[in-house]
There are 2 protein chains.
Amino acid sequence: MVKMDGAVAPLQSDSPEPLWLQAAKAISREISAGKLAPGSRLPPERDLIDRLAISRVTLRRALQSLVSSGVLVSSHGRGWYVAMEAHQEFPQTLESFSETAARLGLKASSDVLRAEEASATLDQAEELSIAPGSKLFHLVRIRKLDGVPVAIDSSYFPALSELKLSTADFTTASLFRIMSDAGIELSRAESTIEAQGADTTTAKHLGIEAGMPILTMYQLIEDIAGRPLISSTIRYAGDRYRLRTSFSRLSKAGV
Amino acid sequence: MVKMDGAVAPLQSDSPEPLWLQAAKAISREISAGKLAPGSRLPPERDLIDRLAISRVTLRRALQSLVSSGVLVSSHGRGWYVAMEAHQEFPQTLESFSETAARLGLKASSDVLRAEEASATLDQAEELSIAPGSKLFHLVRIRKLDGVPVAIDSSYFPALSELKLSTADFTTASLFRIMSDAGIELSRAESTIEAQGADTTTAKHLGIEAGMPILTMYQLIEDIAGRPLISSTIRYAGDRYRLRTSFSRLSKAGV
DNA sequence: AAGTGGTCTAGACCACCCC
DNA sequence: GGGTGGTCTAGACCACTTA
């Protein structure tokens with residue numbers, strides 16, 4: 001017995017994608033195309049299910065996913081509205097520099113201060129679980145948003161040949177992308193975050209005064225197997241950057 | 001016609017809380033109580049719907065909310081499993097003040113600067129999705145480690161009667177614990193983190209100079225249903241505190 | 001082949017908003 | 001009262017896992 005195959009259904013039931021996802025994308029497309037402006041109301045659910053030829057439960061799943069993406073908001077008794085662009089949902093993971101730039105609609109770029117190989121010190125070797133004296137690649141960049149210096153990113157990692165580091169242009173390239181292209185799957189990072197005063201070198205590079213607040217984030221980034229691969233320290237000018245993240249809390253209710 | 005009223009149903013259909021939320025809490029409680037260990041399999045969905053006397057759709061909505069909280073994971077064709085400790089602990093769990101104190105072997109305490117009710121402003125009402133003028137409880141504390149002031153925690157939340165706020169001693173009590181005791185399950189928090197210079201008031205309370213680096217963490221803490229419950233801003237003296245977190249860089253990203 | 005999660009449907013009733 | 005979103009149900013079929 002055929003159940004959901006409705007004659008000239010706009011959505012394909014034999015597609016590999018779930019119907020609710022297709023519906024969500026269809027609605028999202030209409031918004032991106034400008035047919036539905038921010039703040040405007042969507043047709044009632046009971047109209048949409050006819051147009052899309054899906055059930056109300058399925059439609060609501062699609063709408064809910066768009067709420068999670070910050071595209072739509074609902075108002076009980078009034079209707080569904082396209083979200084104002086101001087309020088976007090927080091990212092599920094700590095937002096990277098490039099991702100923040102994309103969200104703000106700004107152009108990310110870098111000045112490369114250092115990009116060269118060096119031998120691992122004892123501390124670095126222990127940190128990355130490699131042999132002392134192994135070849136490390138040091139990368140120090142001033143990171144900019146629309147040309148304004150925002151942070152200094154100082155990282156080092158094993159100088160693996162498959163990374164093709166000699167040909168990489170770090171003024172635009174993403175380290176995560178280079179790793180990914182080399183088949184290295186970065187998975188987790190352990191971080192510490194603190195506020196410090198800017199030292200004179202940092203202050204000069206960022207164009208601020210010494211002693212001004214700096215947000216320092218140290219990260220040890222691991223692959224799927226838990227092997228540490230990158231040690232990264234990023235110093236953000238306090239008045240030019242803000243980290244955003246979401247995290248879950250267990251019912252433990254910490255002390 | 002009575003539809004969902006099933007004789008001796010474990011869940012109350014006349015409760016103000018949605019059935020799926022009650023179901024999620026019930027399952028969450030079983031896990032917290034140790035009846036379901038990390039890594040163990042839950043009963044099949046078709047068993048659970050009998051025990052809870054709810055429909056499968058409703059049960060699955062509950063299970064899904066527990067996935068978002070990192071409590072459960074599903075495996076197609078195999079079953080539902082309680083998330084492993086590692087997964088529970090790691091996904092974006094920031095270390096709380098009390099947890100840091102415990103790790104360092106220091107004694108956490110608080111000076112209460114403010115603990116009183118007030119009416120919600122328009123901004124606060126919007127932030128917490130409540131009516132303007134609703135009763136809010138304001139709690140401002142100087143948080144100390146071994147008697148040394150480390151941060152100023154300024155929070156507000158609806159002054160619910162079940163919290164028994166008039167009898168709470170906030171010099172030692174934990175807000176999370178009070179919420180938990182009142183049956184409120186805090187689940188997720190969205191936060192922004194930035195470095196700022198200390199204003200004169202903050203500086204005085206922390207015993208530092210104005211302009212010194214301050215780590216400011218703003219959090220909007222939600223319950224398991226995604227309802228915002230607590231707005232919290234914590235200002236840490238930059239040289240006395242360090243946040244630690246670990247996060248994953250998986251890019252699942254539905255839609 | 002049996003068991004289990006994943007998706008989908010059609011219909012019902014409730015809560016809220018606005019006229 | 002009529003329209004709209006919010007919740008819930010009972011049942012069906014599909015996809016994956018395991019034996």
# chains A, B, ... in the order shown; residues from 1 in each chain; ligands from 1
$ residues_around --residues "DT7 (chain D)" --least-positions-apart "5" --cutoff "9 Å" --atoms "only C-alpha atoms (C1' of nucleotides)" --output "MDAnalysis selection string"
(chainID B and resid 18:19 58) or (chainID C and resid 13:14)
$ residues_around --residues "DC16 (chain C)" --least-positions-apart "2" --cutoff "12 Å" --atoms "only C-alpha atoms (C1' of nucleotides)" --output "ChimeraX atom specification"
/A:75-79 /C:14,18 /D:3-6
$ calpha_fit_rmsd --fixed "chain B" --moving "chain A"
9.9 Å
$ residues_around --residues "Arg141 (chain B)" --least-positions-apart "5" --cutoff "6 Å" --atoms "only C-alpha atoms (C1' of nucleotides)" --output "list in words"
Ser110, Asp111, Val112, Leu113, Ile152 and Asp153 of chain B
$ closest_atom_pairs --of "chain B" --to "chain A" --cutoff "7 Å" --atoms "only C-alpha atoms" --output "tab-separated table"
residue	atom	partner	partner_atom	distance
B:Ser69	CA	A:Ser248	CA	5.8
B:Pro91	CA	A:Phe247	CA	6.8
B:Gln92	CA	A:Phe247	CA	4.4
B:Thr93	CA	A:Phe247	CA	5.3
B:Ser98	CA	A:Val255	CA	6.3
B:Glu99	CA	A:Gly254	CA	6.7
B:Ser174	CA	A:Val255	CA	6.5
B:Phe176	CA	A:Ala253	CA	5.3
B:Arg177	CA	A:Ala253	CA	5.6
B:Ser180	CA	A:Ala253	CA	6.7
B:Glu185	CA	A:Ser251	CA	6.3
B:Leu186	CA	A:Arg249	CA	6.8
B:Ser187	CA	A:Arg249	CA	5.0
B:Arg188	CA	A:Ser248	CA	4.1
B:Ala189	CA	A:Phe247	CA	5.5
B:Glu190	CA	A:Ser246	CA	4.2
B:Ser191	CA	A:Thr245	CA	5.4
B:Thr192	CA	A:Arg244	CA	4.3
B:Ile193	CA	A:Leu243	CA	4.9
B:Glu194	CA	A:Arg242	CA	4.8
B:Ala195	CA	A:Gly238	CA	4.5
B:Gln196	CA	A:Pro213	CA	5.5
B:Gly197	CA	A:Pro213	CA	5.8
B:Pro213	CA	A:Pro213	CA	4.7
B:Ile214	CA	A:Ala195	CA	5.8
B:Leu215	CA	A:Ala195	CA	5.0
B:Gly238	CA	A:Ala195	CA	4.6
B:Asp239	CA	A:Gln196	CA	6.9
B:Tyr241	CA	A:Glu194	CA	6.9
B:Arg242	CA	A:Glu194	CA	4.9
B:Leu243	CA	A:Ile193	CA	4.9
B:Arg244	CA	A:Thr192	CA	4.3
B:Thr245	CA	A:Ser191	CA	5.3
B:Ser246	CA	A:Glu190	CA	4.1
B:Phe247	CA	A:Ala189	CA	5.5
B:Ser248	CA	A:Arg188	CA	4.2
B:Arg249	CA	A:Ser187	CA	5.3
B:Leu250	CA	A:Ser187	CA	6.4
B:Val255	CA	A:Leu21	CA	6.9
$ write_last_selection --atoms "C-alpha atoms" --output "mmCIF file, in the first residue's frame"
data_model
loop_
_atom_site.group_PDB
_atom_site.id
_atom_site.type_symbol
_atom_site.label_atom_id
_atom_site.label_comp_id
_atom_site.auth_asym_id
_atom_site.auth_seq_id
_atom_site.Cartn_x
_atom_site.Cartn_y
_atom_site.Cartn_z
ATOM 1 C CA SER B 69 22.338 16.763 26.669
ATOM 2 C CA PRO B 91 31.725 17.587 25.175
ATOM 3 C CA GLN B 92 32.062 21.211 26.064
ATOM 4 C CA THR B 93 31.994 20.943 29.813
ATOM 5 C CA SER B 98 33.630 24.694 42.830
ATOM 6 C CA GLU B 99 35.155 21.995 40.652
ATOM 7 C CA SER B 174 25.574 26.100 45.449
ATOM 8 C CA PHE B 176 23.135 24.468 40.971
ATOM 9 C CA ARG B 177 22.486 22.309 43.990
ATOM 10 C CA SER B 180 18.648 20.395 41.517
ATOM 11 C CA GLU B 185 17.373 19.880 35.723
ATOM 12 C CA LEU B 186 19.912 22.294 34.325
ATOM 13 C CA SER B 187 21.233 20.978 31.091
ATOM 14 C CA ARG B 188 22.971 23.371 28.739
ATOM 15 C CA ALA B 189 24.550 26.773 28.822
ATOM 16 C CA GLU B 190 25.402 29.201 26.102
ATOM 17 C CA SER B 191 28.303 31.387 26.978
ATOM 18 C CA THR B 192 30.480 34.165 25.765
ATOM 19 C CA ILE B 193 33.960 34.708 27.134
ATOM 20 C CA GLU B 194 36.085 37.809 26.817
ATOM 21 C CA ALA B 195 38.908 39.729 28.434
ATOM 22 C CA GLN B 196 38.175 43.164 29.803
ATOM 23 C CA GLY B 197 39.764 45.759 32.039
ATOM 24 C CA PRO B 213 42.769 42.145 33.097
ATOM 25 C CA ILE B 214 39.444 40.489 33.934
ATOM 26 C CA LEU B 215 38.101 37.294 32.393
ATOM 27 C CA GLY B 238 42.918 37.595 35.354
ATOM 28 C CA ASP B 239 45.904 36.602 37.426
ATOM 29 C CA TYR B 241 41.898 32.117 37.578
ATOM 30 C CA ARG B 242 42.034 30.020 34.464
ATOM 31 C CA LEU B 243 39.166 28.282 32.712
ATOM 32 C CA ARG B 244 39.694 24.790 31.432
ATOM 33 C CA THR B 245 37.556 23.072 28.878
ATOM 34 C CA SER B 246 37.775 20.435 26.236
ATOM 35 C CA PHE B 247 35.679 20.341 23.138
ATOM 36 C CA SER B 248 35.245 18.328 20.012
ATOM 37 C CA ARG B 249 35.445 19.523 16.458
ATOM 38 C CA LEU B 250 32.978 17.129 14.920
ATOM 39 C CA VAL B 255 20.810 21.302 7.923
#
$ select_by_dssp --residues "region 57-163 of chain A" --states "strand (DSSP E)" --output "PyMOL selection string"
chain A and resi 72-75+79-82+108-119+135-145+148-158
$ atom_distance --atom1 "CA of Ile54 (chain B)" --atom2 "CA of Ile27 (chain B)"
13.3 Å
$ atom_distance --atom1 "CA of Leu165 (chain A)" --atom2 "CA of Leu229 (chain A)"
15.0 Å
$ interface_residues --of "chain D" --to "chain B" --cutoff "8 Å" --atoms "only C-alpha atoms (C1' of nucleotides)" --output "PyMOL selection string"
chain D and resi 7-10+16-17
$ interface_residues --of "chain C" --to "chain B" --cutoff "10 Å" --atoms "only C-alpha atoms (C1' of nucleotides)" --output "list of chain:residue names"
C:DG3, C:DT4, C:DG5, C:DG6, C:DA12, C:DC13
$ atom_distance --atom1 "CA of Leu42 (chain B)" --atom2 "CA of Tyr81 (chain B)"
5.8 Å
$ residues_around --residues "Ala168 (chain B)" --least-positions-apart "3" --cutoff "12 Å" --atoms "only C-alpha atoms (C1' of nucleotides)" --output "NGL selection string"
:B and (112 or 115-116 or 139 or 162-165 or 171-175 or 177-179 or 181)
$ closest_residue --among "B:Ala33, B:Ala118, B:Ala182, B:Leu145" --to "Leu106 (chain B)" --atoms "only C-alpha atoms"
B:Leu145
$ select_by_dssp --residues "region 60-203 of chain B" --states "alpha helix (DSSP H)" --output "ChimeraX atom specification"
/B:60-68,85-89,97-104,122-128,175-181,200-203
